[in-house]
file input03.cif (mmCIF, C-alpha atoms)
data_model
#
loop_
_atom_site.group_PDB
_atom_site.id
_atom_site.type_symbol
_atom_site.label_atom_id
_atom_site.label_comp_id
_atom_site.auth_asym_id
_atom_site.auth_seq_id
_atom_site.Cartn_x
_atom_site.Cartn_y
_atom_site.Cartn_z
ATOM 1 C CA MET B 1297 97.564 114.164 87.677
ATOM 2 C CA ASN B 1298 94.604 114.278 90.065
ATOM 3 C CA GLU B 1299 93.257 117.064 87.880
ATOM 4 C CA THR B 1300 92.569 114.555 85.140
ATOM 5 C CA ARG B 1301 89.646 113.136 87.106
ATOM 6 C CA CYS B 1302 88.047 116.440 88.078
ATOM 7 C CA THR B 1303 86.033 116.662 84.864
ATOM 8 C CA CYS B 1304 84.536 113.252 85.425
ATOM 9 C CA ILE B 1305 83.659 114.016 89.035
ATOM 10 C CA ALA B 1306 82.049 117.328 88.091
ATOM 11 C CA VAL B 1307 79.579 115.582 85.792
ATOM 12 C CA ILE B 1308 77.599 114.152 88.682
ATOM 13 C CA ALA B 1309 76.762 117.428 90.393
ATOM 14 C CA VAL B 1310 75.935 119.098 87.089
ATOM 15 C CA LEU B 1311 73.654 116.246 86.095
ATOM 16 C CA ALA B 1312 71.763 116.490 89.356
ATOM 17 C CA VAL B 1313 71.113 120.193 88.798
ATOM 18 C CA LEU B 1314 70.129 119.877 85.154
ATOM 19 C CA VAL B 1315 67.834 116.920 85.620
ATOM 20 C CA SER B 1316 66.154 117.753 88.930
ATOM 21 C CA LEU B 1317 65.996 121.549 88.752
ATOM 22 C CA CYS B 1318 65.809 122.362 85.066
ATOM 23 C CA GLY B 1319 63.714 119.371 84.123
ATOM 24 C CA ILE B 1320 65.868 118.743 81.081
ATOM 25 C CA ALA B 1321 65.210 115.320 79.670
ATOM 26 C CA PRO B 1322 66.480 114.919 76.128
ATOM 27 C CA PRO B 1323 64.799 112.329 73.989
ATOM 28 C CA ALA B 1324 66.262 108.858 73.872
ATOM 29 C CA PHE B 1325 68.916 108.566 71.219
ATOM 30 C CA ALA B 1326 69.271 105.861 68.621
ATOM 31 C CA GLN B 1327 72.530 104.242 67.728
ATOM 32 C CA ALA B 1328 74.420 106.740 65.579
ATOM 33 C CA GLU B 1329 76.019 105.783 62.293
ATOM 34 C CA GLN B 1330 79.274 103.940 62.910
ATOM 35 C CA SER B 1331 81.183 105.780 60.184
ATOM 36 C CA ILE B 1332 84.858 106.339 60.986
ATOM 37 C CA VAL B 1333 85.775 110.018 61.110
ATOM 38 C CA VAL B 1334 89.350 109.754 62.439
ATOM 39 C CA LEU B 1335 92.012 107.048 62.399
ATOM 40 C CA VAL B 1336 94.673 107.289 65.092
ATOM 41 C CA ASN B 1337 97.456 104.857 64.180
ATOM 42 C CA ASP B 1338 94.727 102.616 62.679
ATOM 43 C CA ASP B 1339 92.617 102.969 65.834
ATOM 44 C CA PRO B 1340 89.181 104.275 64.725
ATOM 45 C CA ILE B 1341 87.049 107.074 66.150
ATOM 46 C CA THR B 1342 83.452 107.011 64.904
ATOM 47 C CA ILE B 1343 80.728 109.603 64.482
ATOM 48 C CA TYR B 1344 79.003 108.008 67.443
ATOM 49 C CA ASP B 1345 82.124 108.376 69.631
ATOM 50 C CA VAL B 1346 82.376 112.089 68.800
ATOM 51 C CA GLU B 1347 78.661 112.745 69.334
ATOM 52 C CA GLN B 1348 78.725 110.975 72.692
ATOM 53 C CA ARG B 1349 81.811 112.828 73.882
ATOM 54 C CA GLN B 1350 80.341 116.150 72.740
ATOM 55 C CA ARG B 1351 77.185 115.479 74.762
ATOM 56 C CA PHE B 1352 79.321 114.486 77.730
ATOM 57 C CA LEU B 1353 81.273 117.744 77.504
ATOM 58 C CA ALA B 1354 78.077 119.748 77.125
ATOM 59 C CA VAL B 1355 76.882 118.284 80.427
ATOM 60 C CA THR B 1356 80.149 118.696 82.352
ATOM 61 C CA THR B 1357 81.047 122.160 81.063
ATOM 62 C CA GLN B 1358 77.498 123.452 80.462
ATOM 63 C CA GLU B 1359 78.603 124.586 77.005
ATOM 64 C CA GLN B 1360 76.212 124.644 74.089
ATOM 65 C CA PRO B 1361 76.906 122.244 71.193
ATOM 66 C CA SER B 1362 79.073 124.010 68.633
ATOM 67 C CA PRO B 1363 81.820 123.307 66.104
ATOM 68 C CA ALA B 1364 84.352 124.341 68.761
ATOM 69 C CA LEU B 1365 82.917 121.848 71.271
ATOM 70 C CA LYS B 1366 82.890 119.143 68.617
ATOM 71 C CA LYS B 1367 86.569 119.800 67.895
ATOM 72 C CA LYS B 1368 87.328 119.681 71.602
ATOM 73 C CA ALA B 1369 85.551 116.315 71.849
ATOM 74 C CA THR B 1370 87.460 114.968 68.835
ATOM 75 C CA ASP B 1371 90.828 116.145 70.170
ATOM 76 C CA MET B 1372 90.083 114.563 73.538
ATOM 77 C CA LEU B 1373 89.265 111.234 71.889
ATOM 78 C CA ILE B 1374 92.454 111.379 69.800
ATOM 79 C CA GLU B 1375 94.554 111.954 72.913
ATOM 80 C CA GLU B 1376 92.838 109.101 74.741
ATOM 81 C CA ARG B 1377 93.496 106.732 71.847
ATOM 82 C CA LEU B 1378 97.179 107.706 72.005
ATOM 83 C CA GLN B 1379 97.240 107.231 75.772
ATOM 84 C CA ILE B 1380 95.714 103.759 75.532
ATOM 85 C CA GLN B 1381 98.147 102.847 72.752
ATOM 86 C CA GLN B 1382 101.130 104.002 74.830
ATOM 87 C CA GLY B 1383 99.859 101.991 77.773
ATOM 88 C CA ARG B 1384 99.587 98.943 75.562
ATOM 89 C CA LYS B 1385 103.220 99.362 74.502
ATOM 90 C CA LEU B 1386 104.269 99.409 78.160
ATOM 91 C CA GLY B 1387 102.049 96.492 79.108
ATOM 92 C CA ILE B 1388 99.620 98.687 81.045
ATOM 93 C CA THR B 1389 95.994 97.651 80.682
ATOM 94 C CA PRO B 1390 93.468 98.500 83.412
ATOM 95 C CA SER B 1391 90.941 95.853 84.292
ATOM 96 C CA GLU B 1392 87.233 96.559 84.136
ATOM 97 C CA GLU B 1393 87.295 96.150 87.917
ATOM 98 C CA ASP B 1394 89.687 99.131 88.163
ATOM 99 C CA VAL B 1395 87.345 101.240 86.047
ATOM 100 C CA THR B 1396 84.309 100.152 88.056
ATOM 101 C CA LYS B 1397 86.024 101.078 91.336
ATOM 102 C CA VAL B 1398 86.734 104.616 90.108
ATOM 103 C CA LEU B 1399 83.184 104.947 88.808
ATOM 104 C CA ALA B 1400 81.725 103.690 92.092
ATOM 105 C CA GLY B 1401 83.926 106.095 94.058
ATOM 106 C CA MET B 1402 82.744 109.043 91.970
ATOM 107 C CA ALA B 1403 79.118 108.076 92.483
ATOM 108 C CA LYS B 1404 79.575 107.537 96.238
ATOM 109 C CA ASN B 1405 81.254 110.918 96.708
ATOM 110 C CA ASN B 1406 78.118 112.501 95.308
ATOM 111 C CA ASN B 1407 75.588 110.336 97.190
ATOM 112 C CA MET B 1408 74.687 108.306 94.135
ATOM 113 C CA SER B 1409 74.960 104.660 93.196
ATOM 114 C CA PRO B 1410 76.668 103.654 89.937
ATOM 115 C CA GLU B 1411 73.232 102.716 88.615
ATOM 116 C CA GLN B 1412 71.847 106.160 89.465
ATOM 117 C CA LEU B 1413 74.821 107.795 87.763
ATOM 118 C CA GLY B 1414 74.256 105.712 84.649
ATOM 119 C CA SER B 1415 70.563 106.581 84.682
ATOM 120 C CA ALA B 1416 71.300 110.305 85.059
ATOM 121 C CA LEU B 1417 73.724 110.195 82.151
ATOM 122 C CA GLY B 1418 71.197 108.272 80.085
ATOM 123 C CA GLN B 1419 68.589 110.988 80.658
ATOM 124 C CA MET B 1420 71.050 113.430 79.139
ATOM 125 C CA GLY B 1421 71.631 111.181 76.138
ATOM 126 C CA VAL B 1422 75.064 109.991 77.269
ATOM 127 C CA ASN B 1423 75.887 106.283 77.329
ATOM 128 C CA ILE B 1424 77.687 105.286 80.540
ATOM 129 C CA LYS B 1425 80.309 103.648 78.294
ATOM 130 C CA THR B 1426 81.483 107.146 77.357
ATOM 131 C CA LEU B 1427 82.396 107.865 80.977
ATOM 132 C CA ARG B 1428 83.947 104.431 81.431
ATOM 133 C CA ASP B 1429 86.127 104.985 78.344
ATOM 134 C CA ARG B 1430 87.245 108.337 79.749
ATOM 135 C CA ILE B 1431 88.133 106.792 83.110
ATOM 136 C CA ARG B 1432 89.978 103.927 81.435
ATOM 137 C CA ALA B 1433 92.220 106.315 79.493
ATOM 138 C CA GLN B 1434 92.935 108.376 82.620
ATOM 139 C CA VAL B 1435 93.901 105.308 84.662
ATOM 140 C CA VAL B 1436 96.220 104.097 81.898
ATOM 141 C CA TRP B 1437 97.815 107.510 81.431
ATOM 142 C CA GLN B 1438 98.542 107.968 85.119
ATOM 143 C CA ASP B 1439 100.339 104.614 85.170
ATOM 144 C CA VAL B 1440 102.212 105.437 81.941
ATOM 145 C CA VAL B 1441 103.486 108.763 83.279
ATOM 146 C CA ARG B 1442 104.571 107.284 86.599
ATOM 147 C CA LYS B 1443 106.300 104.372 84.921
ATOM 148 C CA LYS B 1444 108.200 106.593 82.464
ATOM 149 C CA PHE B 1445 109.116 109.524 84.704
ATOM 150 C CA ARG B 1446 108.799 108.639 88.405
ATOM 151 C CA ARG B 1447 112.464 107.696 88.778
ATOM 152 C CA ASP B 1448 113.597 110.791 86.886
ATOM 153 C CA VAL B 1449 111.649 113.288 89.006
ATOM 154 C CA SER B 1450 112.847 114.257 92.469
ATOM 155 C CA ILE B 1451 111.965 117.239 94.611
ATOM 156 C CA ALA B 1452 114.776 118.843 96.613
ATOM 157 C CA ASP B 1453 114.286 120.020 100.187
ATOM 158 C CA SER B 1454 115.034 123.572 99.039
ATOM 159 C CA GLU B 1455 112.071 123.413 96.631
ATOM 160 C CA VAL B 1456 109.787 122.269 99.428
ATOM 161 C CA ASP B 1457 111.112 125.079 101.655
ATOM 162 C CA ARG B 1458 110.352 127.654 98.959
ATOM 163 C CA ALA B 1459 106.866 126.276 98.396
ATOM 164 C CA LEU B 1460 106.088 126.316 102.113
ATOM 165 C CA GLY B 1461 107.438 129.846 102.472
ATOM 166 C CA SER B 1462 105.530 131.213 99.484
ATOM 167 C CA ALA B 1463 102.114 129.942 100.548
ATOM 168 C CA PRO B 1464 99.587 132.807 101.084
ATOM 169 C CA ASP B 1465 99.016 131.879 104.730
ATOM 170 C CA ALA B 1466 102.582 130.809 105.379
ATOM 171 C CA GLU B 1467 104.180 131.484 108.720
ATOM 172 C CA ALA B 1468 107.868 131.233 109.384
ATOM 173 C CA PRO B 1469 108.255 127.434 109.579
ATOM 174 C CA LYS B 1470 109.791 126.131 112.766
ATOM 175 C CA GLU B 1471 112.846 123.941 112.506
ATOM 176 C CA GLU B 1472 112.261 120.498 113.930
ATOM 177 C CA THR B 1473 114.435 117.416 114.240
ATOM 178 C CA THR B 1474 113.135 114.255 112.673
ATOM 179 C CA PHE B 1475 114.540 110.746 112.944
ATOM 180 C CA GLN B 1476 115.188 108.100 110.323
ATOM 181 C CA LEU B 1477 114.502 104.828 112.110
ATOM 182 C CA ARG B 1478 114.376 101.123 111.536
ATOM 183 C CA GLN B 1479 111.831 99.354 113.666
ATOM 184 C CA VAL B 1480 112.543 95.842 114.891
ATOM 185 C CA LYS B 1481 109.255 94.247 115.913
ATOM 186 C CA TYR B 1482 108.213 90.826 117.145
ATOM 187 C CA GLU B 1483 104.523 90.008 117.538
ATOM 188 C CA ILE B 1484 104.145 87.886 120.668
ATOM 189 C CA PRO B 1485 101.975 84.792 120.093
ATOM 190 C CA THR B 1486 98.873 84.637 122.278
ATOM 191 C CA ASP B 1487 100.002 81.342 123.813
ATOM 192 C CA ALA B 1488 103.542 82.559 124.591
ATOM 193 C CA ASP B 1489 104.709 82.090 128.169
ATOM 194 C CA GLN B 1490 107.077 84.320 130.139
ATOM 195 C CA ALA B 1491 110.074 82.123 129.352
ATOM 196 C CA SER B 1492 109.598 82.432 125.570
ATOM 197 C CA ILE B 1493 109.066 86.191 125.833
ATOM 198 C CA ALA B 1494 112.252 86.546 127.879
ATOM 199 C CA LYS B 1495 114.081 84.495 125.231
ATOM 200 C CA GLN B 1496 113.003 86.902 122.480
ATOM 201 C CA LEU B 1497 113.936 89.947 124.560
ATOM 202 C CA ALA B 1498 117.382 88.448 125.049
ATOM 203 C CA ALA B 1499 117.674 87.855 121.289
ATOM 204 C CA VAL B 1500 116.973 91.540 120.599
ATOM 205 C CA GLU B 1501 119.490 92.558 123.250
ATOM 206 C CA SER B 1502 122.078 90.341 121.581
ATOM 207 C CA VAL B 1503 121.491 92.084 118.252
ATOM 208 C CA ARG B 1504 121.572 95.480 119.922
ATOM 209 C CA ALA B 1505 125.042 94.808 121.263
ATOM 210 C CA LYS B 1506 126.326 94.041 117.760
ATOM 211 C CA VAL B 1507 124.645 96.841 115.799
ATOM 212 C CA GLN B 1508 127.099 99.443 114.563
ATOM 213 C CA SER B 1509 124.923 101.077 111.921
ATOM 214 C CA CYS B 1510 121.619 100.513 110.167
ATOM 215 C CA SER B 1511 123.435 98.807 107.318
ATOM 216 C CA ASN B 1512 124.304 95.738 109.395
ATOM 217 C CA LEU B 1513 120.917 95.440 111.095
ATOM 218 C CA SER B 1514 119.328 93.223 108.436
ATOM 219 C CA PRO B 1515 122.152 90.656 108.389
ATOM 220 C CA LEU B 1516 122.034 90.419 112.177
ATOM 221 C CA THR B 1517 118.276 89.750 112.216
ATOM 222 C CA LYS B 1518 117.863 87.597 109.093
ATOM 223 C CA ASP B 1519 117.735 84.348 111.084
ATOM 224 C CA MET B 1520 115.389 85.664 113.788
ATOM 225 C CA LYS B 1521 112.033 84.034 113.056
ATOM 226 C CA GLY B 1522 108.962 86.182 113.590
ATOM 227 C CA PHE B 1523 110.841 89.493 113.579
ATOM 228 C CA LYS B 1524 109.963 92.214 111.070
ATOM 229 C CA ILE B 1525 112.181 95.138 110.057
ATOM 230 C CA LYS B 1526 110.440 98.308 108.896
ATOM 231 C CA THR B 1527 112.063 101.544 107.701
ATOM 232 C CA LEU B 1528 110.469 104.728 109.073
ATOM 233 C CA GLN B 1529 111.383 108.067 107.527
ATOM 234 C CA ASP B 1530 111.095 111.524 109.110
ATOM 235 C CA GLN B 1531 109.562 110.556 112.426
ATOM 236 C CA LEU B 1532 108.928 113.325 114.931
ATOM 237 C CA PRO B 1533 109.705 112.342 118.533
ATOM 238 C CA GLY B 1534 106.080 113.052 119.426
ATOM 239 C CA SER B 1535 104.916 110.253 117.117
ATOM 240 C CA LEU B 1536 106.516 107.684 119.435
ATOM 241 C CA GLY B 1537 105.031 106.635 122.721
ATOM 242 C CA GLN B 1538 106.948 106.525 125.965
ATOM 243 C CA PRO B 1539 109.376 105.158 126.968
ATOM 244 C CA MET B 1540 110.471 104.634 123.356
ATOM 245 C CA ARG B 1541 110.447 108.377 122.635
ATOM 246 C CA THR B 1542 113.043 109.073 125.318
ATOM 247 C CA LEU B 1543 115.128 106.062 124.317
ATOM 248 C CA VAL B 1544 115.241 107.178 120.656
ATOM 249 C CA MET B 1545 116.085 110.792 121.530
ATOM 250 C CA ASN B 1546 118.957 109.642 123.739
ATOM 251 C CA ALA B 1547 120.356 107.156 121.217
ATOM 252 C CA LYS B 1548 123.188 108.134 118.896
ATOM 253 C CA ILE B 1549 123.139 107.570 115.147
ATOM 254 C CA GLY B 1550 123.948 103.923 114.470
ATOM 255 C CA GLN B 1551 122.764 102.771 117.876
ATOM 256 C CA MET B 1552 119.764 100.637 118.706
ATOM 257 C CA THR B 1553 117.414 101.244 121.622
ATOM 258 C CA PRO B 1554 116.839 98.615 124.317
ATOM 259 C CA PRO B 1555 113.821 96.406 123.532
ATOM 260 C CA THR B 1556 110.530 97.215 125.218
ATOM 261 C CA LEU B 1557 107.184 95.483 125.521
ATOM 262 C CA SER B 1558 104.478 97.438 123.686
ATOM 263 C CA GLY B 1559 101.056 95.845 123.862
ATOM 264 C CA SER B 1560 101.468 92.363 122.399
ATOM 265 C CA ALA B 1561 104.805 93.031 120.727
ATOM 266 C CA ILE B 1562 108.492 93.506 121.442
ATOM 267 C CA GLU B 1563 109.882 96.656 119.814
ATOM 268 C CA ALA B 1564 113.245 98.309 119.380
ATOM 269 C CA TYR B 1565 114.468 101.049 117.053
ATOM 270 C CA ALA B 1566 117.777 101.577 115.296
ATOM 271 C CA VAL B 1567 118.548 105.277 114.745
ATOM 272 C CA CYS B 1568 119.770 105.633 111.158
ATOM 273 C CA GLY B 1569 119.901 109.414 111.055
ATOM 274 C CA LYS B 1570 118.648 112.723 112.362
ATOM 275 C CA HIS B 1571 117.531 115.513 110.098
ATOM 276 C CA ALA B 1572 116.584 119.122 110.843
ATOM 277 C CA VAL B 1573 113.664 120.238 108.662
ATOM 278 C CA LYS B 1574 111.557 123.366 108.419
ATOM 279 C CA GLY B 1575 107.875 122.826 108.992
ATOM 280 C CA ASN B 1576 105.770 119.870 109.996
ATOM 281 C CA PRO B 1577 106.925 116.645 108.263
ATOM 282 C CA GLU B 1578 103.366 115.736 107.278
ATOM 283 C CA LYS B 1579 102.826 119.116 105.631
ATOM 284 C CA ARG B 1580 106.225 118.863 103.974
ATOM 285 C CA GLN B 1581 105.304 115.482 102.558
ATOM 286 C CA GLN B 1582 102.017 116.854 101.218
ATOM 287 C CA THR B 1583 103.856 119.772 99.632
ATOM 288 C CA GLU B 1584 106.472 117.474 98.125
ATOM 289 C CA MET B 1585 103.762 115.250 96.636
ATOM 290 C CA LYS B 1586 102.014 118.295 95.167
ATOM 291 C CA LEU B 1587 105.252 119.501 93.562
ATOM 292 C CA MET B 1588 105.898 115.974 92.306
ATOM 293 C CA GLU B 1589 102.454 115.790 90.690
ATOM 294 C CA GLU B 1590 102.958 119.193 89.073
ATOM 295 C CA GLU B 1591 106.295 118.128 87.589
ATOM 296 C CA LEU B 1592 104.845 114.830 86.379
ATOM 297 C CA GLY B 1593 101.998 116.808 84.805
ATOM 298 C CA ILE B 1594 104.485 118.909 82.845
ATOM 299 C CA ARG B 1595 106.302 115.780 81.676
ATOM 300 C CA ALA B 1596 102.966 114.207 80.717
ATOM 301 C CA GLU B 1597 101.983 117.191 78.580
ATOM 302 C CA GLY B 1598 105.311 117.040 76.753
ATOM 303 C CA LEU B 1599 105.028 113.298 76.176
ATOM 304 C CA LEU B 1600 101.487 113.589 74.819
ATOM 305 C CA ARG B 1601 102.507 116.452 72.523
ATOM 306 C CA ASP B 1602 105.378 114.373 71.121
ATOM 307 C CA MET B 1603 103.140 111.341 70.703
ATOM 308 C CA ARG B 1604 100.611 113.369 68.752
ATOM 309 C CA GLN B 1605 103.303 114.792 66.477
ATOM 310 C CA ASP B 1606 104.660 111.310 65.736
ATOM 311 C CA ALA B 1607 101.258 109.662 65.292
ATOM 312 C CA PHE B 1608 99.550 108.913 61.988
ATOM 313 C CA ILE B 1609 96.212 110.720 62.287
ATOM 314 C CA GLU B 1610 93.853 110.551 59.325
ATOM 315 C CA TYR B 1611 90.728 112.730 59.257
ATOM 316 C CA ARG B 1612 87.995 111.366 57.027
ATOM 317 C CA GLN B 1613 85.378 113.479 55.329
ATOM 318 C CA GLN B 1614 81.875 112.923 56.657
ATOM 319 C CA ASN B 1615 79.119 112.368 54.126
#
call {"tool": "encode", "arguments": {"input": "input03.cif", "output": "C-alpha cells"}}
result
Amino acid sequence: MNETRCTCIAVIAVLAVLVSLCGIAPPAFAQAEQSIVVLVNDDPITIYDVEQRQRFLAVTTQEQPSPALKKKATDMLIEERLQIQQGRKLGITPSEEDVTKVLAGMAKNNNMSPEQLGSALGQMGVNIKTLRDRIRAQVVWQDVVRKKFRRDVSIADSEVDRALGSAPDAEAPKEETTFQLRQVKYEIPTDADQASIAKQLAAVESVRAKVQSCSNLSPLTKDMKGFKIKTLQDQLPGSLGQPMRTLVMNAKIGQMTPPTLSGSAIEAYAVCGKHAVKGNPEKRQQTEMKLMEEELGIRAEGLLRDMRQDAFIEYRQQN
C-alpha cells in the first residue's frame, strides 16, 4: 500500500527539474467549464477534474498530453470516487488535518514547504487541490483495505523463512531463540523513600511466588496501583540489560523473574514462551510486514475491480 503514495512524492522532484532547469512556466489557467463528463454512482467528475488530473500526470510521469493520458486520468478519478464512496460506507472520512500532514511530509522530504509545493504545482497549471484530492483518496483507501482484510490476512513463519532465504543477498539465516515476555513495571515516584520502595519490591515478590503462567499474571496484579503490564513479543536476550538478561534466560516458561531496580523503576518479567526463529527478529518483522502489504495490495486490487463492476458509471458526451 505504500506504493500508492509514490506517485505523489515523485511530483516534487520532477517539478523542481522542470521549473528550475527547463524553465517551463505554462500560462495561468482559467477555471475550466464545469460540465459533468462522468457520473460514478451519482458522484460527478467534471471536465475541469479530468484536465487537472491529466496535467498532474503529465508532470509526475513526464508524459505528453494524449488521449491515452486523458483516459488514464479519467480512470484514476473514477477509482478514487469509488474509494471515497466505500470509505463513506464504512464510516471512514479523513480530516483535512490528515491530508495536510501527508502533504507537509511530502514537501519536507524534498526540502520544500507546503506553500512552495503549491506554488510549483501552480506554475505547471495544477491546482494544489488536485494533489490534496489524490492524497485524500489514498488515505481513505488504505484504511478501507485494512479494515476489511487485516484480520483475514496472516503471514506464516514458513512464508517469512522462504522470503528471507530467497533474497538476492541472503545468507543462511542463523537460528536464534527469542522470548515472549510480559513486563511488570512500577515507576518510582520522585518523593518515594526507601520504605515505600521496599514495600513495592515485596509486592512484586509476592506476585512472583503465585505466578504459574502468564495467563494468571493480570489477575494477580490488577489491584496493584501504579503497576503496568506490557506484552513484549520476540525479544532477543541481547535487547535486555543486565542483570535482567541473565534472569530471563535462566527462568522457565511460566515463571517470573525476581524484581530489580532499573533507573527510577522496579521491573520484573514473566516468561510466556521461547521460540526458535531463523534470522534477526527485526528483519523478520520487516519481511513479514512487506509480505502483509503485498497480500493486502492483492486484496485491494480485487476489491476495487469488483466495486467498479458493480458501480453505475455513466459517461456523458462532451460538447
call {"tool": "residues_around", "arguments": {"input": "input03.cif", "residues": "range 1332-1348 of chain B", "least_positions_apart": "4", "cutoff": "7 Å", "atoms": "only C-alpha atoms", "output": "count of residues only"}}
result
16
call {"tool": "atom_distance", "arguments": {"input": "input03.cif", "atom1": "CA of Gly1537 in chain B", "atom2": "CA of Pro1554 in chain B"}}
result
14.4 Å
call {"tool": "resolve_selection", "arguments": {"input": "input03.cif", "expression": "the PyMOL selection byres ((chain B and resi 1506-1510) around 9)", "output": "number ranges by chain"}}
result
B: 1477-1478, 1501-1505, 1511-1514, 1516, 1549-1552, 1566-1568
call {"tool": "residues_around", "arguments": {"input": "input03.cif", "residues": "Val1440 in chain B", "least_positions_apart": "3", "cutoff": "12 Å", "atoms": "only C-alpha atoms", "output": "PyMOL selection string"}}
result
chain B and resi 1297+1378-1390+1433-1437+1443-1446+1592-1593+1595-1596+1599-1600
call {"tool": "closest_residue", "arguments": {"input": "input03.cif", "among": "B:Thr1583, B:Gln1419, B:Ser1409, B:Thr1474", "to": "Val1355 in chain B", "atoms": "only C-alpha atoms"}}
result
B:Gln1419
call {"tool": "resolve_selection", "arguments": {"input": "input03.cif", "expression": "the PyMOL selection byres ((chain B and resi 1533) around 12)", "output": "PyMOL selection string"}}
result
chain B and resi 1472-1477+1529-1532+1534-1546+1567+1570-1571+1577
call {"tool": "axis_aligned_box", "arguments": {"input": "input03.cif", "around": "range 1374-1382 of chain B", "padding_each_side": "8 Å", "output": "JSON"}}
result
{"center_x": 96.8, "center_y": 107.4, "center_z": 72.8, "size_x": 24.7, "size_y": 25.1, "size_z": 22.0}
call {"tool": "decode", "arguments": {"input": "input03.cif", "residues": "range 1332-1346 of chain B", "atoms": "N, CA and C atoms", "output": "compact mmCIF listing (two decimals), in the first residue's frame"}}
result
# COMPACT_ATOMS: atom_id res chain seq x y z
N ILE B 1332 -20.22 18.07 -16.50
CA ILE B 1332 -20.00 16.72 -15.98
C ILE B 1332 -19.73 15.79 -17.16
N VAL B 1333 -18.64 15.04 -17.07
CA VAL B 1333 -18.29 14.10 -18.13
C VAL B 1333 -18.51 12.66 -17.70
N VAL B 1334 -18.48 12.39 -16.37
CA VAL B 1334 -18.71 11.04 -15.87
C VAL B 1334 -19.49 11.14 -14.56
N LEU B 1335 -20.45 10.24 -14.39
CA LEU B 1335 -21.14 10.08 -13.12
C LEU B 1335 -20.76 8.71 -12.55
N VAL B 1336 -20.29 8.71 -11.32
CA VAL B 1336 -19.91 7.47 -10.65
C VAL B 1336 -20.85 7.28 -9.47
N ASN B 1337 -21.87 6.46 -9.65
CA ASN B 1337 -22.91 6.32 -8.61
C ASN B 1337 -23.43 7.69 -8.18
N ASP B 1338 -23.74 8.53 -9.17
CA ASP B 1338 -24.25 9.90 -8.95
C ASP B 1338 -23.21 10.86 -8.42
N ASP B 1339 -21.96 10.45 -8.33
CA ASP B 1339 -20.88 11.33 -7.91
C ASP B 1339 -20.21 11.89 -9.17
N PRO B 1340 -20.24 13.20 -9.40
CA PRO B 1340 -19.79 13.74 -10.69
C PRO B 1340 -18.28 13.91 -10.82
N ILE B 1341 -17.81 13.76 -12.04
CA ILE B 1341 -16.45 14.10 -12.45
C ILE B 1341 -16.59 15.11 -13.58
N THR B 1342 -15.97 16.27 -13.45
CA THR B 1342 -16.13 17.34 -14.43
C THR B 1342 -14.96 17.40 -15.41
N ILE B 1343 -15.17 18.20 -16.46
CA ILE B 1343 -14.09 18.44 -17.42
C ILE B 1343 -12.88 18.99 -16.70
N TYR B 1344 -13.13 19.91 -15.77
CA TYR B 1344 -12.04 20.52 -15.03
C TYR B 1344 -11.25 19.47 -14.22
N ASP B 1345 -11.96 18.55 -13.57
CA ASP B 1345 -11.30 17.49 -12.81
C ASP B 1345 -10.36 16.69 -13.71
N VAL B 1346 -10.86 16.31 -14.90
CA VAL B 1346 -10.06 15.49 -15.82
C VAL B 1346 -8.86 16.27 -16.33
